[in-house]
Amino acid sequence: MPRQPPESHPDMTSTPGHDPIRPPFDIVALASSAGGITALGQVLGGLTDSLPVPVVVVQHLDRRHQTIIAEVLARRAKLPVQLARDGDEAEPGMVYIAPPDKHLLVEPGGRLTLSNSELVHFLRPSADLLFESVAGTYGPRAIACVLTGTGSDGTMGVSAVKSRGGTVIAQDPETAEFRGMPEAAVEVGAVDFVLQLDEIAPVLRGLVEARKS
């Protein structure tokens with residue numbers, strides 16, 4: 001498994017019938033749990049304000065309390081950051097965060113849906129559900145990234161993304177503040193890139209800002 005990104009990516013080749021200036025990906029989905037606020041801040045802070053795709057985020061939050069996660073991450077990010085709202089259309093260059101106690105899904109056309117459906121592995125929001133929704137909606141044009149966290153949320157979701165031809169990134173478990181989530185993703189065999197935290201944003205930029213020739 002590569003520790004550094006290769007010079008090119010399979011989805012960066014030209015495809016008949018595709019717009020030659022369209023980026024090869026349509027969405028980035030990030031997931032984290034324990035230690036995630038710091039990790040998300042670093043990743044989002046490394047993305048440019050001209051990012052041509054939306055970013056959707058699941059961070060496990062205490063559902064008993066309101067959150068200021070959007071305000072906290074907005075201080076680090078160059079992109080606008082907001083809590084996702086049911087029915088929003090995901091726009092390029094925006095960051096949408098699942099609110100506490102709501103599953104976040106992305107439907108065809110980039111429509112965001114919030115759900116009160118049952119907890120998944122005792123969690124709501126669930127990284128698995130977010131990743132599975134972007135896999136179903138975007139197929140090979142989706143990127144899923146698992147950051148620091150305890151437990152194994154995201155493992156089924158990255159398998160879904162990979163099975164649909166998408167690209168999966170995991171923070172290096174050896175350097176993650178909490179290794180459970182990224183390690184579980186790596187062990188399932190669906191990860192394309194295992195990267196240290198400071199490598200993730202440059203790789204994401206390289207993938208989504210590439211142009212087909």
# chains A, B, ... in the order shown; residues from 1 in each chain; ligands from 1

$ select_by_dssp --residues "region 7-205 of chain A" --states "alpha helix (DSSP H)" --output "ChimeraX atom specification"
/A:36-45,69-74,127-138,155-163,180-187,197-205

$ residues_around --residues "Glu89 (chain A)" --least-positions-apart "4" --cutoff "12 Å" --atoms "only C-alpha atoms" --output "mmCIF file with N, CA, C and O atoms, in the first residue's frame"
data_model
loop_
_atom_site.group_PDB
_atom_site.id
_atom_site.type_symbol
_atom_site.label_atom_id
_atom_site.label_comp_id
_atom_site.auth_asym_id
_atom_site.auth_seq_id
_atom_site.Cartn_x
_atom_site.Cartn_y
_atom_site.Cartn_z
ATOM 1 N N PRO A 54 -17.454 20.112 -3.391
ATOM 2 C CA PRO A 54 -17.855 20.286 -1.996
ATOM 3 C C PRO A 54 -17.148 19.281 -1.095
ATOM 4 O O PRO A 54 -16.703 18.213 -1.538
ATOM 5 N N VAL A 55 -17.075 19.626 0.192
ATOM 6 C CA VAL A 55 -16.514 18.751 1.217
ATOM 7 C C VAL A 55 -17.612 18.486 2.240
ATOM 8 O O VAL A 55 -18.222 19.424 2.763
ATOM 9 N N VAL A 56 -17.877 17.214 2.516
ATOM 10 C CA VAL A 56 -18.889 16.848 3.516
ATOM 11 C C VAL A 56 -18.185 16.120 4.654
ATOM 12 O O VAL A 56 -17.268 15.332 4.428
ATOM 13 N N ALA A 84 -24.552 21.343 7.923
ATOM 14 C CA ALA A 84 -25.425 20.960 6.824
ATOM 15 C C ALA A 84 -26.883 21.150 7.228
ATOM 16 O O ALA A 84 -27.262 20.932 8.386
ATOM 17 N N ARG A 85 -27.697 21.546 6.251
ATOM 18 C CA ARG A 85 -29.136 21.693 6.462
ATOM 19 C C ARG A 85 -29.867 20.766 5.506
ATOM 20 O O ARG A 85 -29.454 20.601 4.362
ATOM 21 N N MET A 94 -17.425 24.564 -0.713
ATOM 22 C CA MET A 94 -18.105 24.691 0.575
ATOM 23 C C MET A 94 -17.836 23.463 1.417
ATOM 24 O O MET A 94 -17.661 22.358 0.896
ATOM 25 N N VAL A 95 -17.841 23.644 2.746
ATOM 26 C CA VAL A 95 -17.691 22.537 3.691
ATOM 27 C C VAL A 95 -18.995 22.405 4.472
ATOM 28 O O VAL A 95 -19.481 23.382 5.053
ATOM 29 N N TYR A 96 -19.556 21.197 4.468
ATOM 30 C CA TYR A 96 -20.813 20.921 5.158
ATOM 31 C C TYR A 96 -20.568 19.871 6.242
ATOM 32 O O TYR A 96 -20.078 18.786 5.951
ATOM 33 N N LEU A 105 -26.488 12.476 4.636
ATOM 34 C CA LEU A 105 -26.431 11.708 3.399
ATOM 35 C C LEU A 105 -26.375 12.667 2.226
ATOM 36 O O LEU A 105 -26.856 13.801 2.301
ATOM 37 N N VAL A 106 -25.781 12.205 1.127
ATOM 38 C CA VAL A 106 -25.741 12.993 -0.102
ATOM 39 C C VAL A 106 -26.481 12.216 -1.182
ATOM 40 O O VAL A 106 -26.104 11.093 -1.524
ATOM 41 N N GLU A 107 -27.527 12.820 -1.705
ATOM 42 C CA GLU A 107 -28.368 12.164 -2.696
ATOM 43 C C GLU A 107 -28.001 12.644 -4.105
ATOM 44 O O GLU A 107 -27.232 13.608 -4.259
ATOM 45 N N PRO A 108 -28.537 11.996 -5.142
ATOM 46 C CA PRO A 108 -28.264 12.436 -6.515
ATOM 47 C C PRO A 108 -28.548 13.915 -6.710
ATOM 48 O O PRO A 108 -29.509 14.463 -6.160
ATOM 49 N N GLY A 109 -27.682 14.548 -7.492
ATOM 50 C CA GLY A 109 -27.774 15.983 -7.682
ATOM 51 C C GLY A 109 -27.081 16.778 -6.596
ATOM 52 O O GLY A 109 -27.115 18.007 -6.602
ATOM 53 N N GLY A 110 -26.451 16.080 -5.640
ATOM 54 C CA GLY A 110 -25.747 16.766 -4.563
ATOM 55 C C GLY A 110 -26.648 17.262 -3.454
ATOM 56 O O GLY A 110 -26.236 18.086 -2.632
ATOM 57 N N ARG A 111 -27.878 16.756 -3.379
ATOM 58 C CA ARG A 111 -28.804 17.205 -2.339
ATOM 59 C C ARG A 111 -28.431 16.563 -1.007
ATOM 60 O O ARG A 111 -28.278 15.354 -0.911
ATOM 61 N N LEU A 112 -28.309 17.399 0.025
ATOM 62 C CA LEU A 112 -27.973 16.920 1.358
ATOM 63 C C LEU A 112 -29.251 16.568 2.114
ATOM 64 O O LEU A 112 -30.233 17.309 2.076
ATOM 65 N N THR A 113 -29.202 15.438 2.784
ATOM 66 C CA THR A 113 -30.343 14.978 3.572
ATOM 67 C C THR A 113 -29.886 14.686 4.990
ATOM 68 O O THR A 113 -28.860 14.034 5.200
#

$ select_by_dssp --residues "region 34-84 of chain A" --states "strand (DSSP E)" --output "ChimeraX atom specification"
/A:55-59,81-83

$ write_last_selection --atoms "all heavy atoms" --output "short mmCIF file (atom, residue, chain, number, x, y, z; two decimals), in the first residue's frame"
data_model
loop_
_atom_site.label_atom_id
_atom_site.label_comp_id
_atom_site.auth_asym_id
_atom_site.auth_seq_id
_atom_site.Cartn_x
_atom_site.Cartn_y
_atom_site.Cartn_z
N VAL A 55 -17.07 19.63 0.19
CA VAL A 55 -16.51 18.75 1.22
C VAL A 55 -17.61 18.49 2.24
O VAL A 55 -18.22 19.42 2.76
CB VAL A 55 -15.30 19.39 1.90
CG1 VAL A 55 -14.73 18.47 2.98
CG2 VAL A 55 -14.22 19.75 0.88
N VAL A 56 -17.88 17.21 2.52
CA VAL A 56 -18.89 16.85 3.52
C VAL A 56 -18.18 16.12 4.65
O VAL A 56 -17.27 15.33 4.43
CB VAL A 56 -20.01 15.99 2.91
CG1 VAL A 56 -20.90 16.84 2.01
CG2 VAL A 56 -19.46 14.81 2.12
N VAL A 57 -18.61 16.40 5.88
CA VAL A 57 -17.86 15.96 7.05
C VAL A 57 -18.77 15.32 8.08
O VAL A 57 -19.84 15.87 8.41
CB VAL A 57 -17.13 17.16 7.71
CG1 VAL A 57 -16.38 16.71 8.96
CG2 VAL A 57 -16.20 17.84 6.72
N VAL A 58 -18.35 14.18 8.59
CA VAL A 58 -18.92 13.60 9.81
C VAL A 58 -17.85 13.63 10.89
O VAL A 58 -16.77 13.07 10.72
CB VAL A 58 -19.41 12.16 9.60
CG1 VAL A 58 -19.50 11.42 10.93
CG2 VAL A 58 -20.76 12.14 8.93
N GLN A 59 -18.13 14.34 11.96
CA GLN A 59 -17.32 14.33 13.17
C GLN A 59 -18.24 13.91 14.30
O GLN A 59 -19.30 14.51 14.50
CB GLN A 59 -16.73 15.71 13.44
CG GLN A 59 -16.25 15.96 14.87
CD GLN A 59 -15.04 15.13 15.27
OE1 GLN A 59 -14.14 14.91 14.46
NE2 GLN A 59 -14.99 14.69 16.52
N VAL A 81 -17.45 27.29 5.96
CA VAL A 81 -17.82 26.09 6.71
C VAL A 81 -19.18 26.32 7.35
O VAL A 81 -19.42 27.37 7.95
CB VAL A 81 -16.79 25.77 7.80
CG1 VAL A 81 -17.18 24.52 8.58
CG2 VAL A 81 -15.39 25.61 7.22
N GLN A 82 -20.08 25.34 7.22
CA GLN A 82 -21.38 25.47 7.86
C GLN A 82 -21.92 24.10 8.24
O GLN A 82 -21.51 23.09 7.69
CB GLN A 82 -22.38 26.16 6.92
CG GLN A 82 -22.74 25.34 5.68
CD GLN A 82 -23.73 26.07 4.80
OE1 GLN A 82 -23.48 27.20 4.36
NE2 GLN A 82 -24.85 25.45 4.54
N LEU A 83 -22.83 24.09 9.22
CA LEU A 83 -23.56 22.87 9.51
C LEU A 83 -24.50 22.59 8.34
O LEU A 83 -25.14 23.50 7.81
CB LEU A 83 -24.37 23.01 10.79
CG LEU A 83 -23.60 23.08 12.11
CD1 LEU A 83 -24.57 23.22 13.27
CD2 LEU A 83 -22.70 21.86 12.30
#

$ atom_distance --atom1 "CA of Arg205 (chain A)" --atom2 "CA of Pro52 (chain A)"
9.5 Å

$ closest_atom_pairs --of "region 84-149 of chain A" --to "region 154-165 of chain A" --cutoff "6 Å" --atoms "only C-alpha atoms" --output "Markdown table"
| residue | atom | partner | partner_atom | distance |
| --- | --- | --- | --- | --- |
| A:Ala127 | CA | A:Gly154 | CA | 4.8 |
| A:Asp128 | CA | A:Gly157 | CA | 4.2 |
| A:Phe131 | CA | A:Gly157 | CA | 4.6 |
| A:Glu132 | CA | A:Gly157 | CA | 4.9 |
| A:Ala135 | CA | A:Val161 | CA | 4.6 |
| A:Gly139 | CA | A:Arg164 | CA | 4.8 |
| A:Pro140 | CA | A:Gly165 | CA | 4.2 |

$ residues_around --residues "region 35-47 of chain A" --least-positions-apart "4" --cutoff "9 Å" --atoms "only C-alpha atoms" --output "JSON, numbers by chain"
{"A": [30, 31, 51, 57, 59, 60, 69, 72, 73, 74, 75, 76, 77, 78, 79, 95, 147, 148, 149, 176, 177, 178, 197, 198, 199, 200, 201, 202, 204, 205]}

$ closest_residue --among "A:Glu118, A:Glu71, A:Asp49, A:Asp153" --to "Gly180 (chain A)" --atoms "only C-alpha atoms"
A:Asp153

$ atom_distance --atom1 "CA of Ser133 (chain A)" --atom2 "CA of Gly166 (chain A)"
12.2 Å

$ residues_around --residues "region 183-185 of chain A" --least-positions-apart "3" --cutoff "8 Å" --atoms "only C-alpha atoms" --output "ChimeraX atom specification"
/A:146,151-152,154-155,158,170,172-173,179-180,188-191

$ atom_distance --atom1 "CA of Thr175 (chain A)" --atom2 "CA of Val203 (chain A)"
17.1 Å

$ residues_around --residues "Leu61 (chain A)" --least-positions-apart "2" --cutoff "8 Å" --atoms "only C-alpha atoms" --output "ChimeraX atom specification"
/A:33,59,63,67,100-101

$ write_last_selection --atoms "N, CA and C atoms" --output "PDB file, in the first residue's frame"
ATOM      1  N   SER A  33     -13.364  11.181  14.612  1.00  0.00           N
ATOM      2  CA  SER A  33     -13.999  11.075  15.923  1.00  0.00           C
ATOM      3  C   SER A  33     -13.057  11.698  16.938  1.00  0.00           C
ATOM      4  N   GLN A  59     -18.129  14.343  11.963  1.00  0.00           N
ATOM      5  CA  GLN A  59     -17.316  14.327  13.172  1.00  0.00           C
ATOM      6  C   GLN A  59     -18.240  13.908  14.296  1.00  0.00           C
ATOM      7  N   ARG A  63     -24.363  14.462  21.224  1.00  0.00           N
ATOM      8  CA  ARG A  63     -25.681  14.864  20.734  1.00  0.00           C
ATOM      9  C   ARG A  63     -26.518  15.573  21.787  1.00  0.00           C
ATOM     10  N   THR A  67     -23.445  22.651  19.169  1.00  0.00           N
ATOM     11  CA  THR A  67     -22.029  22.624  18.807  1.00  0.00           C
ATOM     12  C   THR A  67     -21.606  23.921  18.141  1.00  0.00           C
ATOM     13  N   PRO A 100     -25.000  17.601  15.221  1.00  0.00           N
ATOM     14  CA  PRO A 100     -25.090  16.557  16.249  1.00  0.00           C
ATOM     15  C   PRO A 100     -26.401  15.784  16.133  1.00  0.00           C
ATOM     16  N   ASP A 101     -26.317  14.463  16.296  1.00  0.00           N
ATOM     17  CA  ASP A 101     -27.476  13.579  16.344  1.00  0.00           C
ATOM     18  C   ASP A 101     -28.252  13.504  15.031  1.00  0.00           C
TER      19      ASP A 101
END
